[in-house]
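Student: Sharing a structure here in structure tokens format.
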There are 2 protein chains.
Amino acid sequence: MSISKRDELVQKALKIFYRDGFHATGMDTLVKETGISKTSMYKHFRTKEDLILATLRLRDELFRNYFIRRVEELASDPKEQLHVMFDVLKEWFEQKDFRGCMFVKASGEYPDHDTAILNTAAEHKKLLLQFVTDLARKAGARDPELLARQLMILKEGAAVLAHIKGPDGIADDARMAGDDLINSHCA
Amino acid sequence: MSISKRDELVQKALKIFYRDGFHATGMDTLVKETGISKTSMYKHFRTKEDLILATLRLRDELFRNYFIRRVEELASDPKEQLHVMFDVLKEWFEQKDFRGCMFVKASGEYPDHDTAILNTAAEHKKLLLQFVTDLARKAGARDPELLARQLMILKEGAAVLAHIKGPDGIADDARMAGDDLINSHCA
DNA sequence: ACATAAATGTACCGATCAGTACATGTTATT
DNA sequence: AATAACATGTACTGATCGGTACATTTATGT
């Protein structure tokens with residue numbers, strides 16, 4: 001089946017792009033490491049950028065599924081779910097192949113405004129924000145939109161620093177800051 | 001003088017790397033855009049990576065000088081200086097060529113642990129953290145190290161999101177979160 | 001004026017870049 | 001067994017990659 005071949009390519013390319021970066025990964029490298037011929041790649045994707053966009057869409061799906069599922073596994077009360085977000089982040093940071101947020105990497109390599117890749121990154125951030133805003137609203141926050149945006153700022157900062165300085169303690173620092181914010185919004 | 005030529009190269013390369021990225025900028029592009037011959041470049045820097053490291057060292061110096069100077073211009077009381085950090089960030093985000101933190105971009109393109117570029121990024125974050133920790137201590141925070149780390153998490157997250165989603169409102173959200181943290185640490 | 005050093009232009013190196021052409025295999029359906 | 005669609009390997013394109021060779025020009029110090 002052609003669809004599963006396509007998915008296999010996107011899955012494998014995702015790992016390689018995440019590990020090595022986008023510009024640093026050539027199409028010939030993808031051929032070597034995926035075992036999928038270049039001809040097949042260009043049958044499914046017109047350009048390298050199209051392939052990158054497909055990997056970002058898959059990443060968005062995988063990451064949000066993982067994040068939301070783990071939050072819901074660790075707590076059922078909405079306010080408690082806001083708190084355990086940072087425990088889920090800690091799990092993520094401690095994965096041995098953690099290299100920061102893939103969308104932050106993509107936006108660093110393709111920084112021009114109003115381009116497909118940066119817009120995809122913005123869309124990912126927007127979808128995550130919506131999930132957190134819903135939790136904040138259910139938790140009875142005075143300003144759920146503001147609280148959610150603030151918690152997302154903590155999440156992004158923690159992810160960046162966990163990659164640059166190593167994961168030790170960062171998620172705990174962010175968790176404590178998040179606790180303060182959540183409690184002062186849900187008095 | 002050779003030293004000023006070298007500095008001129010580093011200054012111009014810094015702008016181009018920041019605008020377009022590291023892998024995306026070839027040495028021939030630097031020749032074209034700086035007007036400095038490739039021969040001269042390779043007399044001052046053995047490799048492209050050496051040039052990148054020099055631009056990062058310059059960026060560290062320029063950014064910390066700017067950040068610290070502006071904080072001290074906007075407030076003299078240490079606790080107040082912690083607050084106005086976020087106003088300085090807002091200024092930075094609203095610069096028209098703002099594209100996020102250069103060290104975050106560098107760590108995204110060169111993500112391997114224990115390499116010179118990632119270590120330089122970590123050093124930059126460490127130096128900024130020291131400045132904020134000193135302020136937190138002078139402000140009488142109960143746990144100045146923790147408060148400083150938390151404020152730095154807010155700073156990184158705000159910078160990332162200001163680039164991906166645009167600067168509107170982000171610095172204000174981070175400022176309000178910072179206000180909460182500072183006040184609860186300096187009761 | 002002369003010597004030394006710095007900076008230059010140009011042409012080149014082998015390797016890799018994204019992307020294509022084309023002929024050959026493989027697989028499934030009929 | 002025949003056909004059609006998919007997948008393959010290989011070889012190629014022109015452009016660009018990081019880096020070098022070398023001869024020439026420019027500027028400085030005495």
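Ordering of the structure tokens sets the chain letters (A, B, ...), residue numbers begin anew at 1 in every chain, and ligands are numbered from 1 in the order given.
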Can you pull out the residues contacting segment 168-180 of chain B? Cut-off 8 Å, using only C-alpha atoms (C1' of nucleotides), and skip same-chain residues under 5 positions away; I want them as a list in words.
Tutor: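 My reading of the contact set: Leu146, Arg149, Gln150, Ile153, Asp180 and Leu181 of chain A; His83, Phe86, Asp87, Leu89, Lys90, Phe93, Leu151, Leu154, Lys155, Ala158, Leu161 and Ala162 of chain B.
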Student: Print the selection's residues with N, CA and C atoms to a file, as a PDB file, in the first residue's frame.
Tutor:
```
ATOM      1  N   LEU A 146      -5.843  34.311  30.197  1.00  0.00           N
ATOM      2  CA  LEU A 146      -4.558  34.818  30.680  1.00  0.00           C
ATOM      3  C   LEU A 146      -3.764  33.723  31.388  1.00  0.00           C
ATOM      4  N   ARG A 149      -2.307  31.344  28.864  1.00  0.00           N
ATOM      5  CA  ARG A 149      -1.160  31.903  28.141  1.00  0.00           C
ATOM      6  C   ARG A 149       0.086  31.920  29.025  1.00  0.00           C
ATOM      7  N   GLN A 150      -0.104  32.223  30.292  1.00  0.00           N
ATOM      8  CA  GLN A 150       1.043  32.263  31.201  1.00  0.00           C
ATOM      9  C   GLN A 150       1.634  30.875  31.427  1.00  0.00           C
ATOM     10  N   ILE A 153       3.667  29.979  28.490  1.00  0.00           N
ATOM     11  CA  ILE A 153       4.976  30.636  28.506  1.00  0.00           C
ATOM     12  C   ILE A 153       5.945  29.836  29.366  1.00  0.00           C
ATOM     13  N   ASP A 180       1.971  28.533  41.798  1.00  0.00           N
ATOM     14  CA  ASP A 180       1.666  29.885  42.281  1.00  0.00           C
ATOM     15  C   ASP A 180       0.617  30.562  41.403  1.00  0.00           C
ATOM     16  N   LEU A 181       0.850  30.499  40.095  1.00  0.00           N
ATOM     17  CA  LEU A 181      -0.068  31.186  39.182  1.00  0.00           C
ATOM     18  C   LEU A 181      -1.471  30.588  39.247  1.00  0.00           C
TER      19      LEU A 181
ATOM     20  N   HIS B  83      10.911  43.547  38.192  1.00  0.00           N
ATOM     21  CA  HIS B  83       9.656  43.767  37.463  1.00  0.00           C
ATOM     22  C   HIS B  83       9.909  44.324  36.054  1.00  0.00           C
ATOM     23  N   PHE B  86      10.690  42.665  32.345  1.00  0.00           N
ATOM     24  CA  PHE B  86       9.716  42.266  31.321  1.00  0.00           C
ATOM     25  C   PHE B  86       9.345  43.422  30.397  1.00  0.00           C
ATOM     26  N   ASP B  87       9.521  44.641  30.897  1.00  0.00           N
ATOM     27  CA  ASP B  87       9.330  45.784  30.008  1.00  0.00           C
ATOM     28  C   ASP B  87      10.475  45.873  29.002  1.00  0.00           C
ATOM     29  N   LEU B  89      12.089  43.255  27.930  1.00  0.00           N
ATOM     30  CA  LEU B  89      11.776  42.181  26.967  1.00  0.00           C
ATOM     31  C   LEU B  89      10.786  42.682  25.922  1.00  0.00           C
ATOM     32  N   LYS B  90       9.789  43.426  26.380  1.00  0.00           N
ATOM     33  CA  LYS B  90       8.779  43.940  25.452  1.00  0.00           C
ATOM     34  C   LYS B  90       9.424  44.816  24.377  1.00  0.00           C
ATOM     35  N   PHE B  93      11.151  42.463  21.947  1.00  0.00           N
ATOM     36  CA  PHE B  93      10.212  41.734  21.078  1.00  0.00           C
ATOM     37  C   PHE B  93       9.660  42.622  19.964  1.00  0.00           C
ATOM     38  N   LEU B 151      12.014  33.221  36.800  1.00  0.00           N
ATOM     39  CA  LEU B 151      11.877  34.390  35.926  1.00  0.00           C
ATOM     40  C   LEU B 151      12.569  34.152  34.590  1.00  0.00           C
ATOM     41  N   LEU B 154      10.287  32.202  32.387  1.00  0.00           N
ATOM     42  CA  LEU B 154       9.302  33.107  31.765  1.00  0.00           C
ATOM     43  C   LEU B 154       9.931  33.862  30.596  1.00  0.00           C
ATOM     44  N   LYS B 155      11.150  34.329  30.787  1.00  0.00           N
ATOM     45  CA  LYS B 155      11.824  35.097  29.732  1.00  0.00           C
ATOM     46  C   LYS B 155      12.010  34.253  28.470  1.00  0.00           C
ATOM     47  N   ALA B 158       8.615  33.501  26.798  1.00  0.00           N
ATOM     48  CA  ALA B 158       8.054  34.690  26.143  1.00  0.00           C
ATOM     49  C   ALA B 158       8.774  34.967  24.829  1.00  0.00           C
ATOM     50  N   LEU B 161       7.642  32.430  22.124  1.00  0.00           N
ATOM     51  CA  LEU B 161       6.277  32.661  21.642  1.00  0.00           C
ATOM     52  C   LEU B 161       6.145  33.999  20.931  1.00  0.00           C
ATOM     53  N   ALA B 162       6.921  34.993  21.354  1.00  0.00           N
ATOM     54  CA  ALA B 162       6.880  36.289  20.667  1.00  0.00           C
ATOM     55  C   ALA B 162       7.340  36.143  19.225  1.00  0.00           C
TER      56      ALA B 162
END
```
Student: Taking only C-alpha atoms (C1' of nucleotides) into account, which residues of chain A are within 9 Å of chain C, as a ChimeraX atom specification?
Tutor: /A:26-28,39,42,47-48
Student: Distance cut-off 9 Å, counting only C-alpha atoms - which residues of chain A neighbour chain B? Return them as a count of residues only.
Tutor: 55
Student: Please report, as a tab-separated table, each residue of chain A lying at most 12 Å from chain D, together with the nearest pair of atoms and the separation in Å rounded to one decimal; use only C-alpha atoms (C1' of nucleotides), and order rows by chain and ascending residue number.
Tutor:
```
residue	atom	partner	partner_atom	distance
A:Met1	CA	D:DC6	C1'	8.4
A:Ser2	CA	D:DC6	C1'	7.5
A:Ile3	CA	D:DC6	C1'	11.2
A:Lys5	CA	D:DA7	C1'	9.9
A:Arg6	CA	D:DA7	C1'	11.9
A:His23	CA	D:DC17	C1'	11.7
A:Ala24	CA	D:DC17	C1'	11.3
A:Gly26	CA	D:DC17	C1'	11.8
A:Val31	CA	D:DG9	C1'	11.6
A:Gly35	CA	D:DT8	C1'	10.7
A:Ile36	CA	D:DT8	C1'	8.9
A:Ser37	CA	D:DT8	C1'	6.8
A:Lys38	CA	D:DT8	C1'	9.4
A:Thr39	CA	D:DT8	C1'	8.0
A:Ser40	CA	D:DA7	C1'	6.8
A:Met41	CA	D:DA7	C1'	10.4
A:Tyr42	CA	D:DA7	C1'	12.0
A:Lys43	CA	D:DA7	C1'	10.2
A:His44	CA	D:DC6	C1'	11.8
```
Student: Distance atom CA of Val10 of chain B-atom CA of Asp50 of chain B, one decimal place?
Tutor: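 Between atom CA of Val10 of chain B and atom CA of Asp50 of chain B the gap is 10.6 Å.
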Student: Do you have the atom CA of Glu145 of chain B-atom CA of Leu129 of chain B distance handy?
Tutor: 8.6 Å
Student: Could you jot down the atom CA of Ala139 of chain B to atom CA of Lys79 of chain B separation for me, Å, one decimal place?
Tutor: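 Computed distance, atom CA of Ala139 of chain B to atom CA of Lys79 of chain B, equals 4.7 Å.
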Student: For Gly140 of chain A, list every protein, DNA or RNA residue within 12 Å, evaluated using only C-alpha atoms (C1' of nucleotides), and leave out those in the same chain fewer than 2 positions away; present the list as a compact mmCIF listing (two decimals) with all heavy atoms, in the first residue's frame.
Tutor:
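Generated output (selection17.txt):
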```txt
# COMPACT_ATOMS: atom_id res chain seq x y z
N ASP A 77 -9.45 16.01 38.15
CA ASP A 77 -9.95 17.35 38.45
C ASP A 77 -9.24 18.39 37.59
O ASP A 77 -8.00 18.37 37.49
CB ASP A 77 -9.70 17.65 39.94
CG ASP A 77 -10.06 19.09 40.27
OD1 ASP A 77 -11.24 19.44 40.16
OD2 ASP A 77 -9.13 19.86 40.61
N PRO A 78 -9.99 19.30 36.94
CA PRO A 78 -9.37 20.28 36.02
C PRO A 78 -8.25 21.09 36.65
O PRO A 78 -7.19 21.27 36.04
CB PRO A 78 -10.55 21.17 35.63
CG PRO A 78 -11.75 20.31 35.77
CD PRO A 78 -11.47 19.41 36.92
N LYS A 79 -8.45 21.56 37.86
CA LYS A 79 -7.40 22.35 38.51
C LYS A 79 -6.16 21.49 38.74
O LYS A 79 -5.03 21.93 38.51
CB LYS A 79 -7.92 22.91 39.85
CG LYS A 79 -6.91 23.74 40.62
CD LYS A 79 -7.61 24.70 41.58
CE LYS A 79 -6.61 25.54 42.37
NZ LYS A 79 -6.20 24.88 43.62
N GLU A 80 -6.41 20.25 39.16
CA GLU A 80 -5.27 19.35 39.37
C GLU A 80 -4.57 19.04 38.04
O GLU A 80 -3.35 18.88 37.98
CB GLU A 80 -5.77 18.06 40.05
CG GLU A 80 -4.69 17.25 40.74
CD GLU A 80 -3.88 18.09 41.72
OE1 GLU A 80 -4.46 18.99 42.38
OE2 GLU A 80 -2.66 17.87 41.81
N LEU A 82 -4.19 21.09 35.60
CA LEU A 82 -3.27 22.20 35.30
C LEU A 82 -1.94 21.98 36.00
O LEU A 82 -0.87 22.20 35.42
CB LEU A 82 -3.90 23.53 35.74
CG LEU A 82 -5.09 24.04 34.93
CD1 LEU A 82 -5.67 25.30 35.57
CD2 LEU A 82 -4.68 24.34 33.49
N THR A 133 -6.50 26.37 27.96
CA THR A 133 -7.54 27.36 28.26
C THR A 133 -8.82 26.67 28.73
O THR A 133 -9.46 27.11 29.69
CB THR A 133 -7.83 28.22 27.02
OG1 THR A 133 -6.61 28.81 26.57
CG2 THR A 133 -8.82 29.32 27.34
N ASP A 134 -9.17 25.56 28.08
CA ASP A 134 -10.34 24.80 28.51
C ASP A 134 -10.19 24.32 29.95
O ASP A 134 -11.12 24.44 30.75
CB ASP A 134 -10.56 23.61 27.58
CG ASP A 134 -11.19 24.02 26.26
OD1 ASP A 134 -11.66 25.18 26.18
OD2 ASP A 134 -11.22 23.20 25.33
N LEU A 135 -9.00 23.78 30.26
CA LEU A 135 -8.76 23.33 31.63
C LEU A 135 -8.90 24.49 32.61
O LEU A 135 -9.52 24.36 33.68
CB LEU A 135 -7.36 22.73 31.76
CG LEU A 135 -7.10 21.37 31.10
CD1 LEU A 135 -5.71 20.87 31.48
CD2 LEU A 135 -8.16 20.37 31.49
N ALA A 136 -8.31 25.65 32.25
CA ALA A 136 -8.35 26.80 33.16
C ALA A 136 -9.79 27.27 33.37
O ALA A 136 -10.16 27.69 34.47
CB ALA A 136 -7.48 27.93 32.60
N ARG A 137 -10.58 27.19 32.31
CA ARG A 137 -11.97 27.62 32.43
C ARG A 137 -12.73 26.66 33.35
O ARG A 137 -13.42 27.08 34.28
CB ARG A 137 -12.62 27.67 31.05
CG ARG A 137 -13.98 28.35 31.04
CD ARG A 137 -14.52 28.57 29.63
NE ARG A 137 -13.75 29.54 28.87
CZ ARG A 137 -13.04 29.28 27.79
NH1 ARG A 137 -12.98 28.03 27.33
NH2 ARG A 137 -12.35 30.22 27.18
N LYS A 138 -12.53 25.34 33.11
CA LYS A 138 -13.19 24.34 33.96
C LYS A 138 -12.74 24.45 35.41
O LYS A 138 -13.48 24.12 36.34
CB LYS A 138 -12.91 22.94 33.43
CG LYS A 138 -13.65 22.60 32.14
CD LYS A 138 -13.42 21.13 31.76
CE LYS A 138 -13.25 20.94 30.26
NZ LYS A 138 -12.48 19.73 29.95
N ARG A 142 -10.18 32.99 37.27
CA ARG A 142 -10.81 34.30 37.04
C ARG A 142 -10.63 34.74 35.60
O ARG A 142 -11.55 35.23 34.96
CB ARG A 142 -10.19 35.35 37.98
CG ARG A 142 -11.01 35.60 39.22
CD ARG A 142 -10.48 36.82 39.95
NE ARG A 142 -9.08 36.67 40.31
CZ ARG A 142 -8.66 36.05 41.40
NH1 ARG A 142 -9.52 35.53 42.23
NH2 ARG A 142 -7.37 35.94 41.66
N ASP A 143 -9.39 34.60 35.07
CA ASP A 143 -9.12 34.94 33.66
C ASP A 143 -8.46 33.72 33.01
O ASP A 143 -7.24 33.64 32.92
CB ASP A 143 -8.21 36.17 33.59
CG ASP A 143 -8.06 36.70 32.17
OD1 ASP A 143 -8.37 35.95 31.22
OD2 ASP A 143 -7.63 37.86 32.01
N PRO A 144 -9.29 32.78 32.56
CA PRO A 144 -8.73 31.52 32.06
C PRO A 144 -7.79 31.71 30.86
O PRO A 144 -6.79 31.00 30.74
CB PRO A 144 -9.96 30.69 31.68
CG PRO A 144 -11.10 31.64 31.65
CD PRO A 144 -10.76 32.77 32.56
N GLU A 145 -8.12 32.67 29.97
CA GLU A 145 -7.25 32.90 28.82
C GLU A 145 -5.87 33.36 29.27
O GLU A 145 -4.84 32.88 28.77
CB GLU A 145 -7.86 33.95 27.87
CG GLU A 145 -9.00 33.44 27.00
CD GLU A 145 -10.32 33.44 27.73
OE1 GLU A 145 -10.37 33.99 28.85
OE2 GLU A 145 -11.30 32.88 27.20
N LEU A 147 -4.42 33.00 32.29
CA LEU A 147 -3.71 31.93 33.00
C LEU A 147 -3.13 30.92 32.02
O LEU A 147 -1.98 30.50 32.16
CB LEU A 147 -4.66 31.24 33.99
CG LEU A 147 -4.07 30.01 34.70
CD1 LEU A 147 -2.82 30.38 35.50
CD2 LEU A 147 -5.11 29.35 35.61
N ILE A 182 -1.53 29.27 39.24
CA ILE A 182 -2.84 28.59 39.27
C ILE A 182 -3.59 28.96 40.55
O ILE A 182 -4.77 29.31 40.52
CB ILE A 182 -2.66 27.06 39.17
CG1 ILE A 182 -2.06 26.68 37.81
CG2 ILE A 182 -4.00 26.35 39.36
CD1 ILE A 182 -1.48 25.28 37.76
N ASN A 183 -2.89 28.91 41.67
CA ASN A 183 -3.56 29.20 42.94
C ASN A 183 -4.01 30.65 43.02
O ASN A 183 -5.08 30.93 43.58
CB ASN A 183 -2.61 28.87 44.10
CG ASN A 183 -2.45 27.37 44.27
OD1 ASN A 183 -3.37 26.61 43.94
ND2 ASN A 183 -1.30 26.94 44.74
N SER A 184 -3.21 31.57 42.47
CA SER A 184 -3.63 32.97 42.59
C SER A 184 -4.75 33.28 41.60
O SER A 184 -5.52 34.22 41.80
CB SER A 184 -2.44 33.90 42.40
OG SER A 184 -2.20 34.12 41.03
N HIS A 185 -4.90 32.49 40.54
CA HIS A 185 -6.01 32.69 39.61
C HIS A 185 -7.29 31.99 40.07
O HIS A 185 -8.39 32.37 39.66
CB HIS A 185 -5.66 32.18 38.21
CG HIS A 185 -4.96 33.19 37.35
ND1 HIS A 185 -3.63 33.51 37.50
CD2 HIS A 185 -5.40 33.96 36.34
CE1 HIS A 185 -3.29 34.42 36.61
NE2 HIS A 185 -4.34 34.72 35.89
N CYS A 186 -7.14 30.94 40.85
CA CYS A 186 -8.31 30.17 41.27
C CYS A 186 -8.52 30.31 42.76
O CYS A 186 -8.61 29.31 43.48
CB CYS A 186 -8.13 28.69 40.91
SG CYS A 186 -7.71 28.38 39.20
N ALA A 187 -8.58 31.55 43.23
CA ALA A 187 -8.63 31.77 44.68
C ALA A 187 -9.93 31.24 45.28
O ALA A 187 -10.92 31.07 44.59
CB ALA A 187 -8.49 33.25 44.98
```
Student: Please report, as a compact mmCIF listing (two decimals) with N, CA and C atoms, in the first residue's frame, each residue of segment 48-136 of chain B to which DSSP assigns helix (DSSP H, G or I) when run on this structure's backbone.
Tutor:
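Now in selection.txt:
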```txt
# COMPACT_ATOMS: atom_id res chain seq x y z
N LYS B 48 34.01 27.53 9.69
CA LYS B 48 32.74 28.23 9.85
C LYS B 48 32.27 28.18 11.30
N GLU B 49 32.50 27.05 11.94
CA GLU B 49 32.06 26.93 13.33
C GLU B 49 32.78 27.94 14.22
N ASP B 50 34.06 28.16 13.97
CA ASP B 50 34.79 29.17 14.74
C ASP B 50 34.17 30.55 14.56
N LEU B 51 33.77 30.85 13.34
CA LEU B 51 33.11 32.14 13.10
C LEU B 51 31.78 32.21 13.83
N ILE B 52 31.03 31.13 13.79
CA ILE B 52 29.75 31.09 14.51
C ILE B 52 29.98 31.33 15.99
N LEU B 53 30.97 30.67 16.56
CA LEU B 53 31.25 30.85 17.99
C LEU B 53 31.61 32.30 18.30
N ALA B 54 32.34 32.93 17.39
CA ALA B 54 32.69 34.34 17.61
C ALA B 54 31.45 35.22 17.57
N THR B 55 30.53 34.92 16.65
CA THR B 55 29.30 35.72 16.59
C THR B 55 28.47 35.51 17.86
N LEU B 56 28.48 34.29 18.38
CA LEU B 56 27.71 34.03 19.60
C LEU B 56 28.32 34.74 20.80
N ARG B 57 29.64 34.78 20.86
CA ARG B 57 30.28 35.51 21.96
C ARG B 57 29.95 37.00 21.88
N LEU B 58 29.95 37.54 20.66
CA LEU B 58 29.60 38.95 20.51
C LEU B 58 28.14 39.18 20.90
N ARG B 59 27.28 38.29 20.46
CA ARG B 59 25.86 38.41 20.78
C ARG B 59 25.64 38.38 22.29
N ASP B 60 26.34 37.50 22.95
CA ASP B 60 26.23 37.41 24.42
C ASP B 60 26.58 38.75 25.04
N GLU B 61 27.67 39.32 24.58
CA GLU B 61 28.13 40.59 25.14
C GLU B 61 27.12 41.70 24.85
N LEU B 62 26.68 41.80 23.58
CA LEU B 62 25.76 42.86 23.21
C LEU B 62 24.43 42.73 23.93
N PHE B 63 23.91 41.50 23.96
CA PHE B 63 22.58 41.33 24.56
C PHE B 63 22.60 41.59 26.05
N ARG B 64 23.59 41.06 26.75
CA ARG B 64 23.63 41.27 28.20
C ARG B 64 23.88 42.74 28.52
N ASN B 65 24.75 43.38 27.76
CA ASN B 65 24.95 44.82 27.98
C ASN B 65 23.65 45.59 27.82
N TYR B 66 22.94 45.31 26.73
CA TYR B 66 21.68 45.99 26.46
C TYR B 66 20.67 45.70 27.56
N PHE B 67 20.52 44.45 27.90
CA PHE B 67 19.50 44.05 28.86
C PHE B 67 19.76 44.66 30.24
N ILE B 68 20.99 44.53 30.71
CA ILE B 68 21.33 45.03 32.05
C ILE B 68 21.24 46.56 32.09
N ARG B 69 21.75 47.20 31.04
CA ARG B 69 21.72 48.66 31.00
C ARG B 69 20.28 49.18 31.04
N ARG B 70 19.41 48.59 30.24
CA ARG B 70 18.02 49.05 30.19
C ARG B 70 17.30 48.79 31.52
N VAL B 71 17.55 47.64 32.12
CA VAL B 71 16.93 47.36 33.41
C VAL B 71 17.35 48.42 34.42
N GLU B 72 18.64 48.79 34.40
CA GLU B 72 19.13 49.75 35.39
C GLU B 72 18.65 51.17 35.07
N GLU B 73 18.37 51.41 33.77
CA GLU B 73 17.82 52.72 33.41
C GLU B 73 16.37 52.88 33.87
N LEU B 74 15.63 51.77 33.83
CA LEU B 74 14.19 51.86 34.10
C LEU B 74 13.86 51.79 35.59
N PRO B 78 16.14 47.15 43.52
CA PRO B 78 16.32 45.78 43.00
C PRO B 78 14.99 45.07 42.73
N LYS B 79 14.04 45.19 43.64
CA LYS B 79 12.75 44.52 43.41
C LYS B 79 12.06 45.10 42.19
N GLU B 80 12.15 46.43 42.06
CA GLU B 80 11.55 47.06 40.88
C GLU B 80 12.28 46.64 39.61
N GLN B 81 13.57 46.44 39.71
CA GLN B 81 14.35 46.00 38.54
C GLN B 81 13.91 44.62 38.06
N LEU B 82 13.54 43.77 39.01
CA LEU B 82 13.02 42.45 38.61
C LEU B 82 11.74 42.63 37.78
N HIS B 83 10.91 43.55 38.19
CA HIS B 83 9.66 43.77 37.46
C HIS B 83 9.91 44.32 36.05
N VAL B 84 10.79 45.33 35.96
CA VAL B 84 10.94 46.00 34.66
C VAL B 84 11.71 45.15 33.65
N MET B 85 12.32 44.05 34.09
CA MET B 85 12.91 43.11 33.14
C MET B 85 11.95 42.80 31.99
N PHE B 86 10.69 42.67 32.34
CA PHE B 86 9.72 42.27 31.32
C PHE B 86 9.34 43.42 30.40
N ASP B 87 9.52 44.64 30.90
CA ASP B 87 9.33 45.78 30.01
C ASP B 87 10.48 45.87 29.00
N VAL B 88 11.66 45.50 29.44
CA VAL B 88 12.80 45.48 28.52
C VAL B 88 12.59 44.39 27.47
N LEU B 89 12.09 43.25 27.93
CA LEU B 89 11.78 42.18 26.97
C LEU B 89 10.79 42.68 25.92
N LYS B 90 9.79 43.43 26.38
CA LYS B 90 8.78 43.94 25.45
C LYS B 90 9.42 44.82 24.38
N GLU B 91 10.30 45.70 24.80
CA GLU B 91 11.06 46.52 23.84
C GLU B 91 11.76 45.63 22.80
N TRP B 92 12.41 44.59 23.32
CA TRP B 92 13.17 43.70 22.45
C TRP B 92 12.24 43.00 21.45
N PHE B 93 11.15 42.46 21.95
CA PHE B 93 10.21 41.73 21.08
C PHE B 93 9.66 42.62 19.96
N MET B 102 18.89 34.26 19.79
CA MET B 102 19.88 33.67 18.88
C MET B 102 20.47 32.37 19.43
N PHE B 103 20.55 32.26 20.75
CA PHE B 103 21.13 31.05 21.34
C PHE B 103 20.16 29.89 21.28
N VAL B 104 18.89 30.20 21.33
CA VAL B 104 17.89 29.15 21.14
C VAL B 104 17.95 28.65 19.70
N LYS B 105 18.09 29.58 18.76
CA LYS B 105 18.24 29.18 17.36
C LYS B 105 19.48 28.31 17.18
N ALA B 106 20.58 28.73 17.77
CA ALA B 106 21.83 27.97 17.64
C ALA B 106 21.70 26.58 18.24
N SER B 107 21.06 26.51 19.41
CA SER B 107 20.92 25.19 20.06
C SER B 107 19.97 24.30 19.29
N GLY B 108 19.07 24.90 18.51
CA GLY B 108 18.19 24.10 17.67
C GLY B 108 18.92 23.53 16.47
N GLU B 109 19.85 24.30 15.93
CA GLU B 109 20.58 23.83 14.74
C GLU B 109 21.78 22.94 15.08
N ALA B 116 30.66 22.68 21.33
CA ALA B 116 31.05 24.07 21.63
C ALA B 116 29.88 25.04 21.52
N ILE B 117 29.05 24.87 20.49
CA ILE B 117 27.98 25.83 20.27
C ILE B 117 26.92 25.72 21.36
N LEU B 118 26.50 24.50 21.68
CA LEU B 118 25.50 24.35 22.73
C LEU B 118 26.06 24.82 24.08
N ASN B 119 27.34 24.57 24.33
CA ASN B 119 27.95 25.03 25.58
C ASN B 119 27.98 26.55 25.65
N THR B 120 28.22 27.19 24.51
CA THR B 120 28.21 28.66 24.49
C THR B 120 26.82 29.19 24.81
N ALA B 121 25.79 28.53 24.28
CA ALA B 121 24.42 28.92 24.60
C ALA B 121 24.15 28.76 26.09
N ALA B 122 24.59 27.64 26.64
CA ALA B 122 24.38 27.39 28.07
C ALA B 122 25.09 28.45 28.91
N GLU B 123 26.28 28.82 28.49
CA GLU B 123 27.04 29.84 29.22
C GLU B 123 26.30 31.18 29.21
N HIS B 124 25.74 31.53 28.06
CA HIS B 124 24.96 32.77 27.98
C HIS B 124 23.78 32.74 28.96
N LYS B 125 23.08 31.63 28.99
CA LYS B 125 21.94 31.53 29.90
C LYS B 125 22.39 31.60 31.35
N LYS B 126 23.56 31.02 31.62
CA LYS B 126 24.08 31.02 32.98
C LYS B 126 24.43 32.45 33.42
N LEU B 127 25.03 33.21 32.53
CA LEU B 127 25.43 34.57 32.88
C LEU B 127 24.21 35.46 33.12
N LEU B 128 23.19 35.29 32.28
CA LEU B 128 21.96 36.06 32.50
C LEU B 128 21.32 35.67 33.83
N LEU B 129 21.34 34.36 34.11
CA LEU B 129 20.74 33.89 35.36
C LEU B 129 21.46 34.50 36.56
N GLN B 130 22.78 34.62 36.46
CA GLN B 130 23.54 35.21 37.57
C GLN B 130 23.10 36.65 37.85
N PHE B 131 22.90 37.40 36.78
CA PHE B 131 22.45 38.78 36.95
C PHE B 131 21.11 38.83 37.67
N VAL B 132 20.18 37.99 37.23
CA VAL B 132 18.85 38.00 37.83
C VAL B 132 18.91 37.47 39.28
N THR B 133 19.74 36.50 39.52
CA THR B 133 19.88 35.97 40.88
C THR B 133 20.37 37.05 41.84
N ASP B 134 21.34 37.83 41.38
CA ASP B 134 21.83 38.95 42.21
C ASP B 134 20.71 39.92 42.54
N LEU B 135 19.91 40.26 41.52
CA LEU B 135 18.78 41.16 41.77
C LEU B 135 17.82 40.54 42.79
N ALA B 136 17.53 39.26 42.62
CA ALA B 136 16.57 38.60 43.53
C ALA B 136 17.11 38.59 44.95
```
